[in-house]
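Trainee: Below is a structure I'd like to ask you about.
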Amino acid sequence: MRDLAAFTKILLALMVSINSFLTTEPLVLAVFLGAEYVSVFFLTKKKSAARALAMLFVFACMLLGIQLLCGSSVTLSLLSAMRMAIMANSMVLVLFSTKTQQLTAALVKQCHLSYSYAFMVTAIFRFVPDLLAESHSVSEAQACRGYKSGGSPYNRMRSYMMLIKPMVFRAIARSENMAVSLEMRGFGDSSRRTFMSETHMVVVDYAAVAFFILFSVCLLRFL
């Protein structure tokens, strides 16, 4: 997966998301979800990616519980939670397996996206590892202050607010600093862009896309 071009990874992530919406079979969604979890073992940053996917799994379980409490059927709630997890996991895998410069170059040159929008997308992706690191530091800071998260499920949900609030304030401060830095560097003044990292599709990329299309057709057709 690391050797594939950035544009190929974006295509695969989009096809996985589209296939998750086309199917109504939980078994097919379970196959896609399992394949994403297996893909973590082929990444360089296995621990960080596994931590991110674990957090997304928790959010998917929370979504499942909320929909069940709101009166949705078990099948519909399960499909919605699995689809959310599949789409989020695919983007996380693209983020952890691709350099930010390569993603920006692929979005601008091959997806023909405006550089401003491409930079905005990759900047959002760039914040994900920082947010994960900040969540760990905030949890350690709260533990040093004697705060313990435990007890009933309601108390555990309240304990997450002790992590979310500082992370939100830090994210706002980081975004403001980035906006000032971009303005001082004249972001958006030049229409011509050069990239340090180039991305091109080769035979392996075309073979991977063709194999995934064939695999998806067979999976959706026979399951």
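Scheme for the structure tokens: letters A, B, ... for chains in order shown; per-chain residue numbers from 1; ligand numbers from 1 in order shown.
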Near A:Ala30, counting only C-alpha atoms, which residues have an atom at most 12 Å away, once you skip same-chain residues fewer than 2 positions from it, shown as a list of chain:residue names?

Mentor: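 That gives A:Ser20, A:Thr23, A:Thr24, A:Glu25, A:Pro26, A:Leu27, A:Val28, A:Phe32, A:Leu33, A:Gly34, A:Ala35, A:Glu36, A:Tyr37, A:Leu78, A:Leu79, A:Ala81, A:Met82, A:Arg83, A:Ala85, A:Ile86, A:Leu219, A:Leu223.
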
Trainee: The selected residues should be written to file as a CSV table (one decimal), in the first residue's frame (atoms: N, CA and C atoms).

Mentor:
```csv
chain,number,residue,atom,x,y,z
A,20,SER,N,-19.6,1.0,-0.1
A,20,SER,CA,-20.3,0.8,1.2
A,20,SER,C,-21.7,1.4,1.2
A,23,THR,N,-24.2,-1.2,-1.2
A,23,THR,CA,-24.6,-2.5,-0.6
A,23,THR,C,-25.5,-2.3,0.6
A,24,THR,N,-26.4,-3.2,0.8
A,24,THR,CA,-27.2,-3.3,2.1
A,24,THR,C,-26.9,-4.6,2.8
A,25,GLU,N,-25.9,-5.3,2.5
A,25,GLU,CA,-25.5,-6.5,3.1
A,25,GLU,C,-24.5,-6.3,4.2
A,26,PRO,N,-24.8,-6.6,5.5
A,26,PRO,CA,-23.8,-6.4,6.5
A,26,PRO,C,-22.5,-7.2,6.3
A,27,LEU,N,-22.7,-8.4,5.6
A,27,LEU,CA,-21.5,-9.2,5.4
A,27,LEU,C,-20.5,-8.5,4.5
A,28,VAL,N,-21.0,-7.8,3.4
A,28,VAL,CA,-20.1,-7.1,2.5
A,28,VAL,C,-19.4,-6.0,3.2
A,32,PHE,N,-15.2,-5.3,3.9
A,32,PHE,CA,-14.5,-4.0,3.7
A,32,PHE,C,-13.9,-3.5,5.0
A,33,LEU,N,-14.6,-3.6,6.1
A,33,LEU,CA,-14.1,-3.1,7.3
A,33,LEU,C,-13.0,-4.0,7.8
A,34,GLY,N,-13.1,-5.3,7.6
A,34,GLY,CA,-12.0,-6.2,8.0
A,34,GLY,C,-10.7,-5.9,7.2
A,35,ALA,N,-10.9,-5.7,5.9
A,35,ALA,CA,-9.8,-5.4,5.0
A,35,ALA,C,-9.0,-4.1,5.4
A,36,GLU,N,-9.8,-3.1,5.9
A,36,GLU,CA,-9.2,-1.9,6.4
A,36,GLU,C,-8.4,-2.1,7.6
A,37,TYR,N,-8.9,-2.9,8.5
A,37,TYR,CA,-8.1,-3.2,9.8
A,37,TYR,C,-6.9,-4.0,9.5
A,78,LEU,N,-27.0,-0.7,12.4
A,78,LEU,CA,-25.7,-1.3,12.1
A,78,LEU,C,-25.1,-0.9,10.8
A,79,LEU,N,-25.9,-0.8,9.7
A,79,LEU,CA,-25.4,-0.4,8.4
A,79,LEU,C,-24.9,1.0,8.5
A,81,ALA,N,-23.6,2.7,11.1
A,81,ALA,CA,-22.4,2.7,11.8
A,81,ALA,C,-21.2,2.1,11.1
A,82,MET,N,-21.5,1.0,10.4
A,82,MET,CA,-20.4,0.4,9.6
A,82,MET,C,-20.0,1.2,8.4
A,83,ARG,N,-21.0,1.9,7.8
A,83,ARG,CA,-20.6,2.8,6.6
A,83,ARG,C,-19.8,4.0,7.1
A,85,ALA,N,-17.8,4.0,9.7
A,85,ALA,CA,-16.5,3.5,10.0
A,85,ALA,C,-15.7,3.3,8.8
A,86,ILE,N,-16.3,2.7,7.8
A,86,ILE,CA,-15.6,2.3,6.5
A,86,ILE,C,-15.1,3.6,5.9
A,219,LEU,N,-18.0,-9.1,-5.3
A,219,LEU,CA,-18.5,-9.1,-4.0
A,219,LEU,C,-19.9,-8.6,-3.9
A,223,LEU,N,-22.8,-11.7,-3.2
A,223,LEU,CA,-23.1,-11.6,-1.8
A,223,LEU,C,-24.4,-10.8,-1.5
```

Trainee: Find the residues around A:Leu4 up to 9 Å (only C-alpha atoms counted), leave out those fewer than 6 positions away in its own chain, and share them as a list in words.

Mentor: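 Returned residues: Thr98, Met201, Val202, Val204, Asp205 and Ala208 of chain A.
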
Trainee: Residues within 12 Å of A:Ala88, please, as a PyMOL selection string. Count only C-alpha atoms; anything in the same chain fewer than 5 positions from it doesn't count.

Mentor: chain A and resi 13-14+16-17+20+33+36-37+49+52-57+59-60+81-83+93-95+125+128

Trainee: Write out the residues from the selection above, keeping N, CA and C atoms, as a short mmCIF file (atom, residue, chain, number, x, y, z; two decimals), in the first residue's frame.

Mentor:
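File produced: selection26.cif:
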```cif
data_model
loop_
_atom_site.label_atom_id
_atom_site.label_comp_id
_atom_site.auth_asym_id
_atom_site.auth_seq_id
_atom_site.Cartn_x
_atom_site.Cartn_y
_atom_site.Cartn_z
N ALA A 13 -9.96 4.79 -1.90
CA ALA A 13 -10.77 5.25 -0.77
C ALA A 13 -12.16 5.68 -1.23
N LEU A 14 -12.24 6.35 -2.38
CA LEU A 14 -13.55 6.75 -2.91
C LEU A 14 -14.37 5.55 -3.33
N VAL A 16 -14.17 2.51 -2.14
CA VAL A 16 -14.62 1.81 -0.93
C VAL A 16 -15.83 2.51 -0.33
N SER A 17 -15.80 3.85 -0.29
CA SER A 17 -16.93 4.60 0.27
C SER A 17 -18.19 4.42 -0.59
N SER A 20 -19.65 0.99 -0.09
CA SER A 20 -20.33 0.84 1.20
C SER A 20 -21.74 1.39 1.16
N LEU A 33 -14.64 -3.61 6.05
CA LEU A 33 -14.14 -3.14 7.34
C LEU A 33 -12.96 -3.99 7.81
N GLU A 36 -9.80 -3.13 5.89
CA GLU A 36 -9.17 -1.89 6.35
C GLU A 36 -8.36 -2.11 7.62
N TYR A 37 -8.88 -2.91 8.53
CA TYR A 37 -8.12 -3.19 9.76
C TYR A 37 -6.87 -4.01 9.47
N ALA A 49 -1.82 4.63 13.49
CA ALA A 49 -2.99 4.30 12.67
C ALA A 49 -3.96 3.41 13.42
N ALA A 52 -5.92 5.52 15.82
CA ALA A 52 -6.94 6.31 15.13
C ALA A 52 -8.15 5.46 14.75
N LEU A 53 -7.89 4.26 14.23
CA LEU A 53 -9.00 3.38 13.86
C LEU A 53 -9.77 2.89 15.08
N ALA A 54 -9.08 2.74 16.21
CA ALA A 54 -9.76 2.34 17.44
C ALA A 54 -10.70 3.45 17.91
N MET A 55 -10.27 4.70 17.81
CA MET A 55 -11.14 5.81 18.19
C MET A 55 -12.35 5.89 17.27
N LEU A 56 -12.14 5.66 15.98
CA LEU A 56 -13.27 5.68 15.05
C LEU A 56 -14.23 4.53 15.32
N PHE A 57 -13.69 3.40 15.77
CA PHE A 57 -14.56 2.28 16.13
C PHE A 57 -15.44 2.63 17.33
N PHE A 59 -16.44 5.68 18.12
CA PHE A 59 -17.46 6.61 17.63
C PHE A 59 -18.55 5.88 16.85
N ALA A 60 -18.16 4.85 16.09
CA ALA A 60 -19.16 4.07 15.36
C ALA A 60 -20.09 3.34 16.32
N ALA A 81 -23.64 2.67 11.07
CA ALA A 81 -22.40 2.72 11.85
C ALA A 81 -21.24 2.11 11.05
N MET A 82 -21.49 1.02 10.36
CA MET A 82 -20.43 0.38 9.58
C MET A 82 -20.01 1.25 8.40
N ARG A 83 -20.97 1.89 7.75
CA ARG A 83 -20.63 2.77 6.64
C ARG A 83 -19.80 3.96 7.10
N LEU A 93 -6.45 5.74 6.51
CA LEU A 93 -5.41 4.92 5.90
C LEU A 93 -4.67 5.69 4.81
N VAL A 94 -5.39 6.48 4.02
CA VAL A 94 -4.74 7.31 3.01
C VAL A 94 -3.81 8.32 3.67
N LEU A 95 -4.26 8.88 4.76
CA LEU A 95 -3.45 9.89 5.47
C LEU A 95 -2.17 9.30 6.01
N PHE A 125 -6.38 16.96 7.03
CA PHE A 125 -5.78 15.65 7.26
C PHE A 125 -4.55 15.75 8.15
N VAL A 128 -5.06 15.56 11.94
CA VAL A 128 -5.48 14.32 12.60
C VAL A 128 -4.38 13.75 13.51
#
```

Trainee: Considering only C-alpha atoms, can you say which of A:Ala118, A:Cys218, A:Leu64, A:Leu182 comes closest to A:Thr104?

Mentor: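 Ranking A:Ala118, A:Cys218, A:Leu64, A:Leu182 by distance to A:Thr104, first place goes to A:Ala118.
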
Trainee: Enter the distance from atom CA of A:Arg170 to atom CA of A:Ile124, in Å, rounded to one decimal.

Mentor: 14.4 Å

Trainee: Could you pull out all residues of stretch 27-135 of chain A with a DSSP call of alpha helix (DSSP H) and give them as an mmCIF file with N, CA and C atoms, in the first residue's frame?

Mentor:
```
data_model
loop_
_atom_site.group_PDB
_atom_site.id
_atom_site.type_symbol
_atom_site.label_atom_id
_atom_site.label_comp_id
_atom_site.auth_asym_id
_atom_site.auth_seq_id
_atom_site.Cartn_x
_atom_site.Cartn_y
_atom_site.Cartn_z
ATOM 1 N N LEU A 27 -22.654 -8.353 5.641
ATOM 2 C CA LEU A 27 -21.482 -9.192 5.409
ATOM 3 C C LEU A 27 -20.485 -8.509 4.486
ATOM 4 N N VAL A 28 -20.984 -7.845 3.436
ATOM 5 C CA VAL A 28 -20.093 -7.129 2.514
ATOM 6 C C VAL A 28 -19.392 -5.985 3.243
ATOM 7 N N LEU A 29 -20.138 -5.246 4.051
ATOM 8 C CA LEU A 29 -19.524 -4.161 4.817
ATOM 9 C C LEU A 29 -18.504 -4.689 5.811
ATOM 10 N N ALA A 30 -18.778 -5.861 6.378
ATOM 11 C CA ALA A 30 -17.822 -6.462 7.310
ATOM 12 C C ALA A 30 -16.530 -6.841 6.592
ATOM 13 N N VAL A 31 -16.639 -7.279 5.327
ATOM 14 C CA VAL A 31 -15.440 -7.618 4.547
ATOM 15 C C VAL A 31 -14.589 -6.377 4.308
ATOM 16 N N PHE A 32 -15.228 -5.281 3.886
ATOM 17 C CA PHE A 32 -14.493 -4.032 3.674
ATOM 18 C C PHE A 32 -13.875 -3.530 4.976
ATOM 19 N N LEU A 33 -14.637 -3.609 6.055
ATOM 20 C CA LEU A 33 -14.138 -3.138 7.338
ATOM 21 C C LEU A 33 -12.960 -3.986 7.815
ATOM 22 N N GLY A 34 -13.058 -5.290 7.647
ATOM 23 C CA GLY A 34 -11.956 -6.164 8.035
ATOM 24 C C GLY A 34 -10.715 -5.934 7.198
ATOM 25 N N ALA A 35 -10.902 -5.682 5.889
ATOM 26 C CA ALA A 35 -9.756 -5.404 5.019
ATOM 27 C C ALA A 35 -9.043 -4.127 5.440
ATOM 28 N N GLU A 36 -9.802 -3.133 5.894
ATOM 29 C CA GLU A 36 -9.171 -1.889 6.353
ATOM 30 C C GLU A 36 -8.360 -2.111 7.617
ATOM 31 N N TYR A 37 -8.878 -2.915 8.533
ATOM 32 C CA TYR A 37 -8.124 -3.186 9.761
ATOM 33 C C TYR A 37 -6.868 -4.012 9.470
ATOM 34 N N VAL A 38 -6.944 -4.912 8.502
ATOM 35 C CA VAL A 38 -5.760 -5.696 8.127
ATOM 36 C C VAL A 38 -4.709 -4.807 7.476
ATOM 37 N N SER A 39 -5.154 -3.783 6.733
ATOM 38 C CA SER A 39 -4.217 -2.897 6.042
ATOM 39 C C SER A 39 -3.326 -2.127 6.999
ATOM 40 N N LYS A 46 2.212 1.978 12.388
ATOM 41 C CA LYS A 46 1.145 1.038 12.756
ATOM 42 C C LYS A 46 0.420 1.464 14.028
ATOM 43 N N LYS A 47 1.171 1.890 15.031
ATOM 44 C CA LYS A 47 0.559 2.210 16.314
ATOM 45 C C LYS A 47 -0.353 3.426 16.212
ATOM 46 N N SER A 48 0.100 4.454 15.529
ATOM 47 C CA SER A 48 -0.717 5.662 15.396
ATOM 48 C C SER A 48 -1.976 5.382 14.583
ATOM 49 N N ALA A 49 -1.819 4.629 13.491
ATOM 50 C CA ALA A 49 -2.986 4.303 12.669
ATOM 51 C C ALA A 49 -3.960 3.415 13.419
ATOM 52 N N ALA A 50 -3.437 2.440 14.177
ATOM 53 C CA ALA A 50 -4.314 1.562 14.955
ATOM 54 C C ALA A 50 -5.055 2.350 16.020
ATOM 55 N N ARG A 51 -4.398 3.326 16.630
ATOM 56 C CA ARG A 51 -5.055 4.156 17.638
ATOM 57 C C ARG A 51 -6.178 4.989 17.008
ATOM 58 N N ALA A 52 -5.919 5.519 15.816
ATOM 59 C CA ALA A 52 -6.944 6.313 15.133
ATOM 60 C C ALA A 52 -8.146 5.463 14.753
ATOM 61 N N LEU A 53 -7.895 4.262 14.231
ATOM 62 C CA LEU A 53 -9.001 3.376 13.862
ATOM 63 C C LEU A 53 -9.765 2.894 15.083
ATOM 64 N N ALA A 54 -9.077 2.737 16.205
ATOM 65 C CA ALA A 54 -9.763 2.341 17.438
ATOM 66 C C ALA A 54 -10.704 3.447 17.915
ATOM 67 N N MET A 55 -10.269 4.702 17.814
ATOM 68 C CA MET A 55 -11.136 5.808 18.194
ATOM 69 C C MET A 55 -12.346 5.891 17.274
ATOM 70 N N LEU A 56 -12.141 5.664 15.980
ATOM 71 C CA LEU A 56 -13.267 5.678 15.046
ATOM 72 C C LEU A 56 -14.227 4.531 15.321
ATOM 73 N N PHE A 57 -13.695 3.402 15.768
ATOM 74 C CA PHE A 57 -14.559 2.281 16.132
ATOM 75 C C PHE A 57 -15.438 2.633 17.328
ATOM 76 N N VAL A 58 -14.868 3.362 18.286
ATOM 77 C CA VAL A 58 -15.646 3.797 19.449
ATOM 78 C C VAL A 58 -16.760 4.746 19.013
ATOM 79 N N PHE A 59 -16.438 5.683 18.122
ATOM 80 C CA PHE A 59 -17.456 6.607 17.632
ATOM 81 C C PHE A 59 -18.546 5.877 16.854
ATOM 82 N N ALA A 60 -18.161 4.852 16.089
ATOM 83 C CA ALA A 60 -19.156 4.069 15.360
ATOM 84 C C ALA A 60 -20.093 3.341 16.319
ATOM 85 N N CYS A 61 -19.530 2.818 17.402
ATOM 86 C CA CYS A 61 -20.371 2.164 18.418
ATOM 87 C C CYS A 61 -21.298 3.167 19.089
ATOM 88 N N MET A 62 -20.802 4.383 19.323
ATOM 89 C CA MET A 62 -21.658 5.415 19.904
ATOM 90 C C MET A 62 -22.787 5.784 18.947
ATOM 91 N N LEU A 63 -22.468 5.884 17.640
ATOM 92 C CA LEU A 63 -23.502 6.162 16.644
ATOM 93 C C LEU A 63 -24.540 5.056 16.606
ATOM 94 N N LEU A 64 -24.085 3.824 16.708
ATOM 95 C CA LEU A 64 -25.006 2.693 16.743
ATOM 96 C C LEU A 64 -25.938 2.781 17.945
ATOM 97 N N GLY A 65 -25.388 3.089 19.104
ATOM 98 C CA GLY A 65 -26.210 3.197 20.301
ATOM 99 C C GLY A 65 -27.201 4.344 20.233
ATOM 100 N N ILE A 66 -26.773 5.488 19.678
ATOM 101 C CA ILE A 66 -27.671 6.640 19.571
ATOM 102 C C ILE A 66 -28.846 6.331 18.646
ATOM 103 N N GLN A 67 -28.561 5.672 17.514
ATOM 104 C CA GLN A 67 -29.638 5.349 16.581
ATOM 105 C C GLN A 67 -30.608 4.331 17.175
ATOM 106 N N LEU A 68 -30.084 3.395 17.935
ATOM 107 C CA LEU A 68 -30.971 2.428 18.583
ATOM 108 C C LEU A 68 -31.853 3.102 19.619
ATOM 109 N N LEU A 69 -31.287 4.059 20.353
ATOM 110 C CA LEU A 69 -32.079 4.784 21.346
ATOM 111 C C LEU A 69 -33.136 5.669 20.696
ATOM 112 N N VAL A 74 -32.367 -2.387 14.212
ATOM 113 C CA VAL A 74 -31.007 -2.869 14.455
ATOM 114 C C VAL A 74 -30.220 -2.930 13.145
ATOM 115 N N THR A 75 -30.868 -3.394 12.074
ATOM 116 C CA THR A 75 -30.177 -3.517 10.783
ATOM 117 C C THR A 75 -29.775 -2.155 10.245
ATOM 118 N N LEU A 76 -30.689 -1.193 10.268
ATOM 119 C CA LEU A 76 -30.385 0.146 9.762
ATOM 120 C C LEU A 76 -29.303 0.820 10.602
ATOM 121 N N SER A 77 -29.371 0.671 11.898
ATOM 122 C CA SER A 77 -28.362 1.274 12.771
ATOM 123 C C SER A 77 -26.993 0.659 12.534
ATOM 124 N N LEU A 78 -26.963 -0.659 12.361
ATOM 125 C CA LEU A 78 -25.690 -1.343 12.121
ATOM 126 C C LEU A 78 -25.095 -0.931 10.779
ATOM 127 N N LEU A 79 -25.922 -0.820 9.745
ATOM 128 C CA LEU A 79 -25.427 -0.410 8.432
ATOM 129 C C LEU A 79 -24.870 1.009 8.476
ATOM 130 N N SER A 80 -25.561 1.912 9.151
ATOM 131 C CA SER A 80 -25.094 3.297 9.230
ATOM 132 C C SER A 80 -23.758 3.396 9.974
ATOM 133 N N ALA A 81 -23.640 2.673 11.073
ATOM 134 C CA ALA A 81 -22.399 2.716 11.846
ATOM 135 C C ALA A 81 -21.238 2.113 11.051
ATOM 136 N N MET A 82 -21.487 1.020 10.361
ATOM 137 C CA MET A 82 -20.426 0.379 9.579
ATOM 138 C C MET A 82 -20.012 1.249 8.401
ATOM 139 N N ARG A 83 -20.967 1.888 7.754
ATOM 140 C CA ARG A 83 -20.634 2.770 6.636
ATOM 141 C C ARG A 83 -19.796 3.955 7.103
ATOM 142 N N MET A 84 -20.169 4.549 8.238
ATOM 143 C CA MET A 84 -19.387 5.653 8.765
ATOM 144 C C MET A 84 -17.966 5.214 9.086
ATOM 145 N N ALA A 85 -17.825 4.044 9.698
ATOM 146 C CA ALA A 85 -16.497 3.545 10.046
ATOM 147 C C ALA A 85 -15.671 3.257 8.798
ATOM 148 N N ILE A 86 -16.289 2.678 7.770
ATOM 149 C CA ILE A 86 -15.563 2.346 6.539
ATOM 150 C C ILE A 86 -15.050 3.602 5.854
ATOM 151 N N MET A 87 -15.902 4.612 5.710
ATOM 152 C CA MET A 87 -15.482 5.845 5.036
ATOM 153 C C MET A 87 -14.387 6.558 5.827
ATOM 154 N N ALA A 88 -14.560 6.650 7.133
ATOM 155 C CA ALA A 88 -13.551 7.328 7.948
ATOM 156 C C ALA A 88 -12.237 6.557 7.964
ATOM 157 N N ASN A 89 -12.313 5.236 8.070
ATOM 158 C CA ASN A 89 -11.094 4.425 8.081
ATOM 159 C C ASN A 89 -10.325 4.544 6.776
ATOM 160 N N SER A 90 -11.037 4.590 5.653
ATOM 161 C CA SER A 90 -10.358 4.684 4.357
ATOM 162 C C SER A 90 -9.558 5.975 4.246
ATOM 163 N N MET A 91 -10.118 7.075 4.722
ATOM 164 C CA MET A 91 -9.398 8.341 4.667
ATOM 165 C C MET A 91 -8.229 8.359 5.642
ATOM 166 N N VAL A 92 -8.390 7.730 6.796
ATOM 167 C CA VAL A 92 -7.289 7.656 7.754
ATOM 168 C C VAL A 92 -6.138 6.833 7.183
ATOM 169 N N LEU A 93 -6.452 5.744 6.512
ATOM 170 C CA LEU A 93 -5.406 4.921 5.897
ATOM 171 C C LEU A 93 -4.667 5.685 4.809
ATOM 172 N N VAL A 94 -5.393 6.476 4.023
ATOM 173 C CA VAL A 94 -4.741 7.308 3.009
ATOM 174 C C VAL A 94 -3.812 8.315 3.670
ATOM 175 N N LEU A 95 -4.262 8.884 4.762
ATOM 176 C CA LEU A 95 -3.452 9.889 5.467
ATOM 177 C C LEU A 95 -2.167 9.297 6.012
ATOM 178 N N PHE A 96 -2.252 8.126 6.647
ATOM 179 C CA PHE A 96 -1.075 7.543 7.290
ATOM 180 C C PHE A 96 -0.142 6.849 6.298
ATOM 181 N N SER A 97 -0.583 6.609 5.087
ATOM 182 C CA SER A 97 0.269 5.924 4.106
ATOM 183 C C SER A 97 0.799 6.848 3.024
ATOM 184 N N THR A 100 1.938 14.341 2.909
ATOM 185 C CA THR A 100 1.022 15.448 2.657
ATOM 186 C C THR A 100 1.328 16.138 1.335
ATOM 187 N N GLN A 101 2.611 16.273 0.989
ATOM 188 C CA GLN A 101 2.976 16.916 -0.267
ATOM 189 C C GLN A 101 2.476 16.118 -1.467
ATOM 190 N N GLN A 102 2.523 14.788 -1.361
ATOM 191 C CA GLN A 102 2.032 13.960 -2.457
ATOM 192 C C GLN A 102 0.523 14.048 -2.603
ATOM 193 N N LEU A 103 -0.190 14.125 -1.482
ATOM 194 C CA LEU A 103 -1.637 14.289 -1.542
ATOM 195 C C LEU A 103 -2.016 15.610 -2.218
ATOM 196 N N THR A 104 -1.326 16.680 -1.837
ATOM 197 C CA THR A 104 -1.616 17.987 -2.437
ATOM 198 C C THR A 104 -1.334 17.973 -3.930
ATOM 199 N N ALA A 105 -0.211 17.382 -4.331
ATOM 200 C CA ALA A 105 0.125 17.323 -5.751
ATOM 201 C C ALA A 105 -0.894 16.498 -6.528
ATOM 202 N N TYR A 115 -5.733 24.866 -5.890
ATOM 203 C CA TYR A 115 -4.698 24.682 -4.880
ATOM 204 C C TYR A 115 -5.190 25.098 -3.497
ATOM 205 N N SER A 116 -6.039 26.114 -3.429
ATOM 206 C CA SER A 116 -6.547 26.565 -2.129
ATOM 207 C C SER A 116 -7.382 25.479 -1.473
ATOM 208 N N TYR A 117 -8.252 24.841 -2.263
ATOM 209 C CA TYR A 117 -9.075 23.775 -1.709
ATOM 210 C C TYR A 117 -8.236 22.538 -1.389
ATOM 211 N N ALA A 118 -7.262 22.237 -2.249
ATOM 212 C CA ALA A 118 -6.389 21.091 -1.988
ATOM 213 C C ALA A 118 -5.589 21.304 -0.711
ATOM 214 N N PHE A 119 -5.105 22.510 -0.519
ATOM 215 C CA PHE A 119 -4.366 22.800 0.710
ATOM 216 C C PHE A 119 -5.268 22.696 1.927
ATOM 217 N N MET A 120 -6.521 23.138 1.791
ATOM 218 C CA MET A 120 -7.451 23.057 2.910
ATOM 219 C C MET A 120 -7.717 21.596 3.284
ATOM 220 N N VAL A 121 -7.890 20.734 2.265
ATOM 221 C CA VAL A 121 -8.154 19.319 2.531
ATOM 222 C C VAL A 121 -6.966 18.660 3.209
ATOM 223 N N THR A 122 -5.778 18.877 2.682
ATOM 224 C CA THR A 122 -4.599 18.255 3.269
ATOM 225 C C THR A 122 -4.270 18.841 4.637
ATOM 226 N N ALA A 123 -4.598 20.112 4.860
ATOM 227 C CA ALA A 123 -4.377 20.697 6.184
ATOM 228 C C ALA A 123 -5.279 20.043 7.220
ATOM 229 N N ILE A 124 -6.516 19.744 6.825
ATOM 230 C CA ILE A 124 -7.418 19.035 7.738
ATOM 231 C C ILE A 124 -6.865 17.658 8.060
ATOM 232 N N PHE A 125 -6.382 16.958 7.029
ATOM 233 C CA PHE A 125 -5.783 15.646 7.263
ATOM 234 C C PHE A 125 -4.549 15.752 8.148
ATOM 235 N N ARG A 126 -3.803 16.842 7.958
ATOM 236 C CA ARG A 126 -2.574 17.019 8.738
ATOM 237 C C ARG A 126 -2.873 17.197 10.219
ATOM 238 N N PHE A 127 -4.061 17.698 10.532
ATOM 239 C CA PHE A 127 -4.421 17.925 11.930
ATOM 240 C C PHE A 127 -4.735 16.628 12.667
ATOM 241 N N VAL A 128 -5.059 15.561 11.941
ATOM 242 C CA VAL A 128 -5.482 14.319 12.603
ATOM 243 C C VAL A 128 -4.382 13.753 13.509
ATOM 244 N N PRO A 129 -3.131 13.556 13.031
ATOM 245 C CA PRO A 129 -2.096 13.056 13.959
ATOM 246 C C PRO A 129 -1.833 14.006 15.124
ATOM 247 N N ASP A 130 -1.933 15.321 14.859
ATOM 248 C CA ASP A 130 -1.720 16.285 15.945
ATOM 249 C C ASP A 130 -2.814 16.181 16.999
ATOM 250 N N LEU A 131 -4.050 15.988 16.557
ATOM 251 C CA LEU A 131 -5.148 15.842 17.507
ATOM 252 C C LEU A 131 -5.014 14.571 18.337
ATOM 253 N N LEU A 132 -4.529 13.502 17.686
ATOM 254 C CA LEU A 132 -4.316 12.258 18.430
ATOM 255 C C LEU A 132 -3.241 12.433 19.498
ATOM 256 N N ALA A 133 -2.143 13.133 19.124
ATOM 257 C CA ALA A 133 -1.077 13.372 20.100
ATOM 258 C C ALA A 133 -1.561 14.291 21.220
ATOM 259 N N GLU A 134 -2.373 15.294 20.865
ATOM 260 C CA GLU A 134 -2.870 16.198 21.883
ATOM 261 C C GLU A 134 -3.853 15.507 22.819
ATOM 262 N N SER A 135 -4.657 14.591 22.281
ATOM 263 C CA SER A 135 -5.581 13.859 23.151
ATOM 264 C C SER A 135 -4.827 13.029 24.178
#
```

Trainee: Of the candidates A:Ala210, A:Ala143, A:Ala171, A:Ala6, which shows the shortest atom-to-atom distance to A:Leu107, using only C-alpha atoms?

Mentor: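 Smallest distance to A:Leu107 is found for A:Ala6.
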
Trainee: Which of these residues is nearest to A:Ile18, using only C-alpha atoms: A:Val138, A:Ile213, A:Arg221, A:Ile164?

Mentor: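 For A:Ile18, the nearest of the given residues is A:Ile213.
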
Trainee: Report, in Å to a single decimal, how far apart atom CA of A:Asn19 and atom CA of A:Ser216 are.

Mentor: 7.3 Å

Trainee: How far is it from atom CA of A:Val203 to atom CA of A:Ser114, in Å with one decimal?

Mentor: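 A separation of 27.4 Å between them.
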